[in-house]
Amino acid sequence: MTTSYPIPPEQLRLSVAPMMEWTDSHCRVFHRLLAPHARLYTEMVHANAVIHGDRRRLLAMDSIEHPVALQLGGSDPVLLAQAARISAEAGFDEINLNCGCPSDRVQAGRFGACLMREPALVAEGVAAMIEACASLDRHVPVTVKCRLGVDDDHEWKHFLAFIDTIAEAGCRMFVVHARNAWLKGLSPKENREVPPLRYDWAYQLKRERPQLQVIVNGGIADAVEARAHLAHVDGAMLGRAAYHDPYLLHRLDVEWFGGALRSRGELLRAMRPYVEAQLAGGGLLKHIVRHILGLFASQPGGRAFRQVLSEGAHKPGADWSLVERALALTDSNNHATEHAA
C-alpha cells in the first residue's frame, strides 16, 4: 500500500508523544510492534537526573525500540549539553528539548513551557546540545517541542521569533503543540484541553519556513485528523489517542508507510518473547500489560479483555497465560471488523 500525500513517505513523521508515567520502555516496545516506522519518545527526564540519577532505570531502552527520542527537561546549557551527550551515547536517536510542559513543578525548575519566554536561553542550550553530540560517530539531531506561546500571548510574531532564534542555533525540527500553555490557573490536564487549538499556526510556520521540519501535536484523535495534517506539515505526533487506542498507530503506520494490516491478536502475540524475557528477569506482568489494555477498545470482547488483565496481572505468578486467557475472550473472527475500523 502506498500513500499519495504531497510529502514523500521518507520525510513523513508519525510520532508518539512523551507522556509522564506512560511512555516507559515497556510501552515503547509495544508501540514499536504496532508501528515499525513511528518515532517513539521517552517520558521527559530532567538533565540533572540523567547526569546524577539512576541511568540504568532512567535511560532504559530495548533494542527493538529504535528509532527512539529521549526528551530532556532543563534550562542550564552546560547541564543540557552533558545530559544530551550521555543520552546519545546510551543509544538514543534524537534528543528533544521540552519547551511545552506547563506543570507547576516544571515552572519551579525554570524549564518546560516557561522557556518560551526565554528564546535566547533555549537557543544557547540547543547549541550546546548540538555541539556535545557533534563528535559522535553518528548523527543525533537535537529537536524542540514547544507550544504556540504562554498565557495570553497570542502574537504570531513572538512565536515566529522564538522559532527563528532556536533555528539559528541549529535546530531543524520542531514539534508544535498547537495551543498556548497557561502557566497559572490551569492544571496540566486542562492545559491539554482548554486553550484553543490553532493548527493554522503550525501550517503557517511550515509555509514561511519550509526548510524546517514541522510536526503538529495536540488534540489529534483519529486517523482522519492525523491524515488531514499531512497536506500542511511534515507529520503528526499522537499522544493519548495512541495510548487509549493503540491499534490506531498500526493503521496509520500501514497507511502512511505500507505493509500488511495485522490483527490485534497477531500483534499482541508478537510481544510474547519480550514479555517472557522480562518475567524471567524478575519483571512483573502488571508493569507491562497496563500499556495494552486499550488494544481492543470498542471491539467485541474488549471490555472482558481489559477486565481479565486488570484484575489478574497484579497477582503473584501472573504470566503470559493470562494474556492468552484475555485474548480468548475477544472475537477470534474479527478480521473483517479490524480492516473496516
# chains A, B, ... in the order shown; residues from 1 in each chain; ligands from 1
call {"tool": "select_by_dssp", "arguments": {"residues": "segment 83-114 of chain A", "states": "strand (DSSP E or B)", "output": "list in words"}}
result
Glu94, Ile95, Asn96, Leu97, Asn98 and Cys99 of chain A
call {"tool": "write_last_selection", "arguments": {"atoms": "N, CA, C and O atoms", "output": "short mmCIF file (atom, residue, chain, number, x, y, z; two decimals), in the first residue's frame"}}
result
data_model
loop_
_atom_site.label_atom_id
_atom_site.label_comp_id
_atom_site.auth_asym_id
_atom_site.auth_seq_id
_atom_site.Cartn_x
_atom_site.Cartn_y
_atom_site.Cartn_z
N GLU A 94 17.61 10.63 18.94
CA GLU A 94 17.24 12.05 18.88
C GLU A 94 17.18 12.55 20.31
O GLU A 94 16.78 11.81 21.22
N ILE A 95 17.57 13.80 20.53
CA ILE A 95 17.42 14.43 21.83
C ILE A 95 16.46 15.59 21.65
O ILE A 95 16.70 16.50 20.85
N ASN A 96 15.35 15.56 22.38
CA ASN A 96 14.29 16.55 22.23
C ASN A 96 14.19 17.39 23.50
O ASN A 96 14.07 16.86 24.60
N LEU A 97 14.26 18.70 23.34
CA LEU A 97 14.17 19.61 24.49
C LEU A 97 12.72 20.03 24.69
O LEU A 97 12.08 20.56 23.77
N ASN A 98 12.22 19.83 25.90
CA ASN A 98 10.84 20.17 26.21
C ASN A 98 10.70 21.65 26.53
O ASN A 98 11.25 22.14 27.50
N CYS A 99 9.94 22.34 25.70
CA CYS A 99 9.59 23.74 25.94
C CYS A 99 8.07 23.89 25.92
O CYS A 99 7.55 24.91 25.44
#
call {"tool": "select_by_dssp", "arguments": {"residues": "segment 44-94 of chain A", "states": "helix (DSSP H, G or I)", "output": "list in words"}}
result
Ala47, Asn48, Ala49, Val50, Ile51, His52, Arg55, Arg56, Arg57, Leu58, Ser63, Ile64, Glu65, Pro77, Val78, Leu79, Leu80, Ala81, Gln82, Ala83, Ala84, Arg85, Ile86, Ser87, Ala88 and Glu89 of chain A
call {"tool": "write_last_selection", "arguments": {"atoms": "N, CA, C and O atoms", "output": "JSON list (two decimals), in the first residue's frame"}}
result
[["chain", "number", "residue", "atom", "x", "y", "z"],
["A", 47, "ALA", "N", 17.63, 16.99, 32.96],
["A", 47, "ALA", "CA", 19.07, 16.84, 32.72],
["A", 47, "ALA", "C", 19.82, 16.43, 33.98],
["A", 47, "ALA", "O", 20.73, 15.60, 33.93],
["A", 48, "ASN", "N", 19.45, 17.00, 35.12],
["A", 48, "ASN", "CA", 20.12, 16.64, 36.37],
["A", 48, "ASN", "C", 19.95, 15.16, 36.69],
["A", 48, "ASN", "O", 20.88, 14.52, 37.20],
["A", 49, "ALA", "N", 18.77, 14.62, 36.39],
["A", 49, "ALA", "CA", 18.53, 13.21, 36.67],
["A", 49, "ALA", "C", 19.39, 12.33, 35.78],
["A", 49, "ALA", "O", 19.92, 11.31, 36.22],
["A", 50, "VAL", "N", 19.54, 12.72, 34.52],
["A", 50, "VAL", "CA", 20.39, 11.96, 33.61],
["A", 50, "VAL", "C", 21.83, 11.95, 34.11],
["A", 50, "VAL", "O", 22.52, 10.93, 34.08],
["A", 51, "ILE", "N", 22.29, 13.10, 34.58],
["A", 51, "ILE", "CA", 23.69, 13.24, 35.00],
["A", 51, "ILE", "C", 23.96, 12.54, 36.33],
["A", 51, "ILE", "O", 24.96, 11.84, 36.48],
["A", 52, "HIS", "N", 23.04, 12.72, 37.28],
["A", 52, "HIS", "CA", 23.31, 12.26, 38.64],
["A", 52, "HIS", "C", 22.44, 11.08, 39.08],
["A", 52, "HIS", "O", 22.71, 10.48, 40.13],
["A", 55, "ARG", "N", 20.88, 5.95, 35.85],
["A", 55, "ARG", "CA", 20.79, 5.92, 34.39],
["A", 55, "ARG", "C", 20.25, 4.60, 33.88],
["A", 55, "ARG", "O", 19.56, 4.55, 32.85],
["A", 56, "ARG", "N", 20.55, 3.53, 34.58],
["A", 56, "ARG", "CA", 20.06, 2.23, 34.13],
["A", 56, "ARG", "C", 18.54, 2.21, 34.06],
["A", 56, "ARG", "O", 17.96, 1.62, 33.14],
["A", 57, "ARG", "N", 17.91, 2.90, 35.01],
["A", 57, "ARG", "CA", 16.45, 2.96, 35.02],
["A", 57, "ARG", "C", 15.94, 4.08, 34.11],
["A", 57, "ARG", "O", 15.05, 3.88, 33.30],
["A", 58, "LEU", "N", 16.53, 5.27, 34.23],
["A", 58, "LEU", "CA", 16.04, 6.43, 33.50],
["A", 58, "LEU", "C", 16.24, 6.32, 31.99],
["A", 58, "LEU", "O", 15.43, 6.82, 31.20],
["A", 63, "SER", "N", 16.49, -2.77, 22.47],
["A", 63, "SER", "CA", 16.99, -2.55, 21.11],
["A", 63, "SER", "C", 15.88, -2.49, 20.07],
["A", 63, "SER", "O", 16.04, -1.87, 19.02],
["A", 64, "ILE", "N", 14.74, -3.09, 20.37],
["A", 64, "ILE", "CA", 13.63, -3.10, 19.42],
["A", 64, "ILE", "C", 13.00, -1.72, 19.27],
["A", 64, "ILE", "O", 12.31, -1.44, 18.29],
["A", 65, "GLU", "N", 13.26, -0.82, 20.20],
["A", 65, "GLU", "CA", 12.54, 0.46, 20.22],
["A", 65, "GLU", "C", 12.96, 1.43, 19.12],
["A", 65, "GLU", "O", 12.20, 2.32, 18.76],
["A", 77, "PRO", "N", 22.39, 25.41, 29.95],
["A", 77, "PRO", "CA", 23.04, 24.89, 28.75],
["A", 77, "PRO", "C", 24.15, 23.88, 29.03],
["A", 77, "PRO", "O", 24.32, 22.90, 28.29],
["A", 78, "VAL", "N", 24.91, 24.10, 30.10],
["A", 78, "VAL", "CA", 26.00, 23.18, 30.44],
["A", 78, "VAL", "C", 25.45, 21.81, 30.81],
["A", 78, "VAL", "O", 25.93, 20.77, 30.34],
["A", 79, "LEU", "N", 24.42, 21.82, 31.64],
["A", 79, "LEU", "CA", 23.83, 20.55, 32.07],
["A", 79, "LEU", "C", 23.10, 19.87, 30.91],
["A", 79, "LEU", "O", 23.16, 18.64, 30.77],
["A", 80, "LEU", "N", 22.41, 20.66, 30.09],
["A", 80, "LEU", "CA", 21.71, 20.08, 28.94],
["A", 80, "LEU", "C", 22.71, 19.42, 27.99],
["A", 80, "LEU", "O", 22.45, 18.33, 27.45],
["A", 81, "ALA", "N", 23.83, 20.07, 27.77],
["A", 81, "ALA", "CA", 24.84, 19.50, 26.88],
["A", 81, "ALA", "C", 25.38, 18.20, 27.42],
["A", 81, "ALA", "O", 25.53, 17.21, 26.69],
["A", 82, "GLN", "N", 25.66, 18.16, 28.72],
["A", 82, "GLN", "CA", 26.18, 16.94, 29.33],
["A", 82, "GLN", "C", 25.16, 15.82, 29.26],
["A", 82, "GLN", "O", 25.49, 14.68, 28.92],
["A", 83, "ALA", "N", 23.91, 16.15, 29.57],
["A", 83, "ALA", "CA", 22.86, 15.13, 29.54],
["A", 83, "ALA", "C", 22.60, 14.65, 28.12],
["A", 83, "ALA", "O", 22.33, 13.46, 27.89],
["A", 84, "ALA", "N", 22.66, 15.56, 27.15],
["A", 84, "ALA", "CA", 22.45, 15.17, 25.75],
["A", 84, "ALA", "C", 23.53, 14.20, 25.30],
["A", 84, "ALA", "O", 23.25, 13.21, 24.62],
["A", 85, "ARG", "N", 24.75, 14.48, 25.66],
["A", 85, "ARG", "CA", 25.86, 13.60, 25.27],
["A", 85, "ARG", "C", 25.70, 12.22, 25.90],
["A", 85, "ARG", "O", 25.86, 11.19, 25.23],
["A", 86, "ILE", "N", 25.35, 12.18, 27.17],
["A", 86, "ILE", "CA", 25.16, 10.91, 27.87],
["A", 86, "ILE", "C", 24.04, 10.10, 27.20],
["A", 86, "ILE", "O", 24.16, 8.90, 26.95],
["A", 87, "SER", "N", 22.95, 10.79, 26.88],
["A", 87, "SER", "CA", 21.79, 10.12, 26.28],
["A", 87, "SER", "C", 22.10, 9.62, 24.88],
["A", 87, "SER", "O", 21.69, 8.51, 24.49],
["A", 88, "ALA", "N", 22.81, 10.42, 24.11],
["A", 88, "ALA", "CA", 23.19, 9.99, 22.77],
["A", 88, "ALA", "C", 24.12, 8.80, 22.82],
["A", 88, "ALA", "O", 24.00, 7.85, 22.04],
["A", 89, "GLU", "N", 25.06, 8.82, 23.76],
["A", 89, "GLU", "CA", 25.98, 7.70, 23.91],
["A", 89, "GLU", "C", 25.26, 6.44, 24.37],
["A", 89, "GLU", "O", 25.71, 5.32, 24.12]]
call {"tool": "closest_atom_pairs", "arguments": {"of": "segment 239-307 of chain A", "to": "segment 205-226 of chain A", "cutoff": "8 Å", "atoms": "only C-alpha atoms", "output": "JSON lines"}}
result
{"residue": "A:Gly239", "atom": "CA", "partner": "A:Gly218", "partner_atom": "CA", "distance": 7.7}
{"residue": "A:Ala241", "atom": "CA", "partner": "A:Ala221", "partner_atom": "CA", "distance": 5.4}
{"residue": "A:Leu248", "atom": "CA", "partner": "A:Ala223", "partner_atom": "CA", "distance": 6.8}
{"residue": "A:Arg251", "atom": "CA", "partner": "A:Ala223", "partner_atom": "CA", "distance": 7.8}
{"residue": "A:Leu252", "atom": "CA", "partner": "A:Ala223", "partner_atom": "CA", "distance": 6.4}
call {"tool": "closest_residue", "arguments": {"among": "A:Gly73, A:Pro316, A:Pro196, A:Gly294", "to": "Asp245 of chain A", "atoms": "only C-alpha atoms"}}
result
A:Gly294
call {"tool": "atom_distance", "arguments": {"atom1": "atom CA of Leu72 of chain A", "atom2": "atom CA of Arg28 of chain A"}}
result
17.0 Å
call {"tool": "atom_distance", "arguments": {"atom1": "atom CA of Asp93 of chain A", "atom2": "atom CA of His66 of chain A"}}
result
7.3 Å
call {"tool": "atom_distance", "arguments": {"atom1": "atom CA of Val150 of chain A", "atom2": "atom CA of Asp24 of chain A"}}
result
28.1 Å
call {"tool": "closest_atom_pairs", "arguments": {"of": "segment 155-257 of chain A", "to": "segment 141-147 of chain A", "cutoff": "8 Å", "atoms": "only C-alpha atoms", "output": "tab-separated table"}}
result
residue	atom	partner	partner_atom	distance
A:Cys171	CA	A:Thr143	CA	5.8
A:Arg172	CA	A:Thr143	CA	6.8
A:Met173	CA	A:Thr143	CA	5.3
A:Phe174	CA	A:Val144	CA	5.1
A:Val175	CA	A:Lys145	CA	4.5
A:Val176	CA	A:Cys146	CA	5.3
A:His177	CA	A:Arg147	CA	4.9
A:Ala178	CA	A:Arg147	CA	6.0
A:Arg179	CA	A:Arg147	CA	5.9
A:Asn180	CA	A:Arg147	CA	5.6
A:Ala181	CA	A:Arg147	CA	6.5
call {"tool": "residues_around", "arguments": {"residues": "Phe305 of chain A", "least_positions_apart": "4", "cutoff": "12 Å", "atoms": "only C-alpha atoms", "output": "JSON, numbers by chain"}}
result
{"A": [264, 265, 289, 290, 292, 293, 294, 295, 296, 297, 298, 299, 300, 301, 309, 310, 311, 312, 313, 322, 323, 324, 325, 326, 327, 328, 329, 330, 331]}
call {"tool": "write_last_selection", "arguments": {"atoms": "C-alpha atoms", "output": "CSV table (one decimal), in the first residue's frame"}}
result
chain,number,residue,atom,x,y,z
A,264,ARG,CA,-4.8,-7.2,17.1
A,265,GLY,CA,-4.2,-10.7,18.4
A,289,VAL,CA,0.1,-5.2,30.3
A,290,ARG,CA,-1.1,-1.8,31.7
A,292,ILE,CA,-2.0,-2.9,26.2
A,293,LEU,CA,-5.4,-2.5,27.9
A,294,GLY,CA,-6.8,-0.4,25.1
A,295,LEU,CA,-5.8,-2.7,22.3
A,296,PHE,CA,-9.3,-4.0,21.8
A,297,ALA,CA,-11.1,-0.7,22.6
A,298,SER,CA,-14.6,-0.6,21.1
A,299,GLN,CA,-14.1,-4.2,19.8
A,300,PRO,CA,-16.1,-7.4,20.6
A,301,GLY,CA,-14.7,-8.7,23.9
A,309,LEU,CA,-5.8,-8.3,32.6
A,310,SER,CA,-6.6,-5.5,35.1
A,311,GLU,CA,-7.7,-8.0,37.7
A,312,GLY,CA,-5.1,-10.7,37.1
A,313,ALA,CA,-1.8,-9.1,36.2
A,322,LEU,CA,-3.2,-14.6,31.5
A,323,VAL,CA,-2.8,-12.7,28.2
A,324,GLU,CA,-4.0,-15.8,26.3
A,325,ARG,CA,-7.0,-16.0,28.6
A,326,ALA,CA,-7.8,-12.4,27.8
A,327,LEU,CA,-7.3,-12.9,24.1
A,328,ALA,CA,-9.7,-15.9,24.1
A,329,LEU,CA,-12.5,-13.6,25.2
A,330,THR,CA,-12.2,-11.4,22.1
A,331,ASP,CA,-13.8,-12.3,18.8
call {"tool": "closest_residue", "arguments": {"among": "A:Trp182, A:Arg306, A:Val254, A:Asp137", "to": "Val194 of chain A", "atoms": "only C-alpha atoms"}}
result
A:Trp182
call {"tool": "residues_around", "arguments": {"residues": "Ala113 of chain A", "least_positions_apart": "2", "cutoff": "6 Å", "atoms": "only C-alpha atoms", "output": "compact mmCIF listing (two decimals) with C-alpha atoms, in the first residue's frame"}}
result
# COMPACT_ATOMS: atom_id res chain seq x y z
CA CYS A 99 9.59 23.74 25.94
CA GLY A 100 5.94 22.90 26.33
CA CYS A 101 5.15 21.30 29.70
CA PRO A 102 3.13 23.73 31.89
CA LEU A 115 11.19 28.70 28.41
CA MET A 116 9.16 30.15 25.55
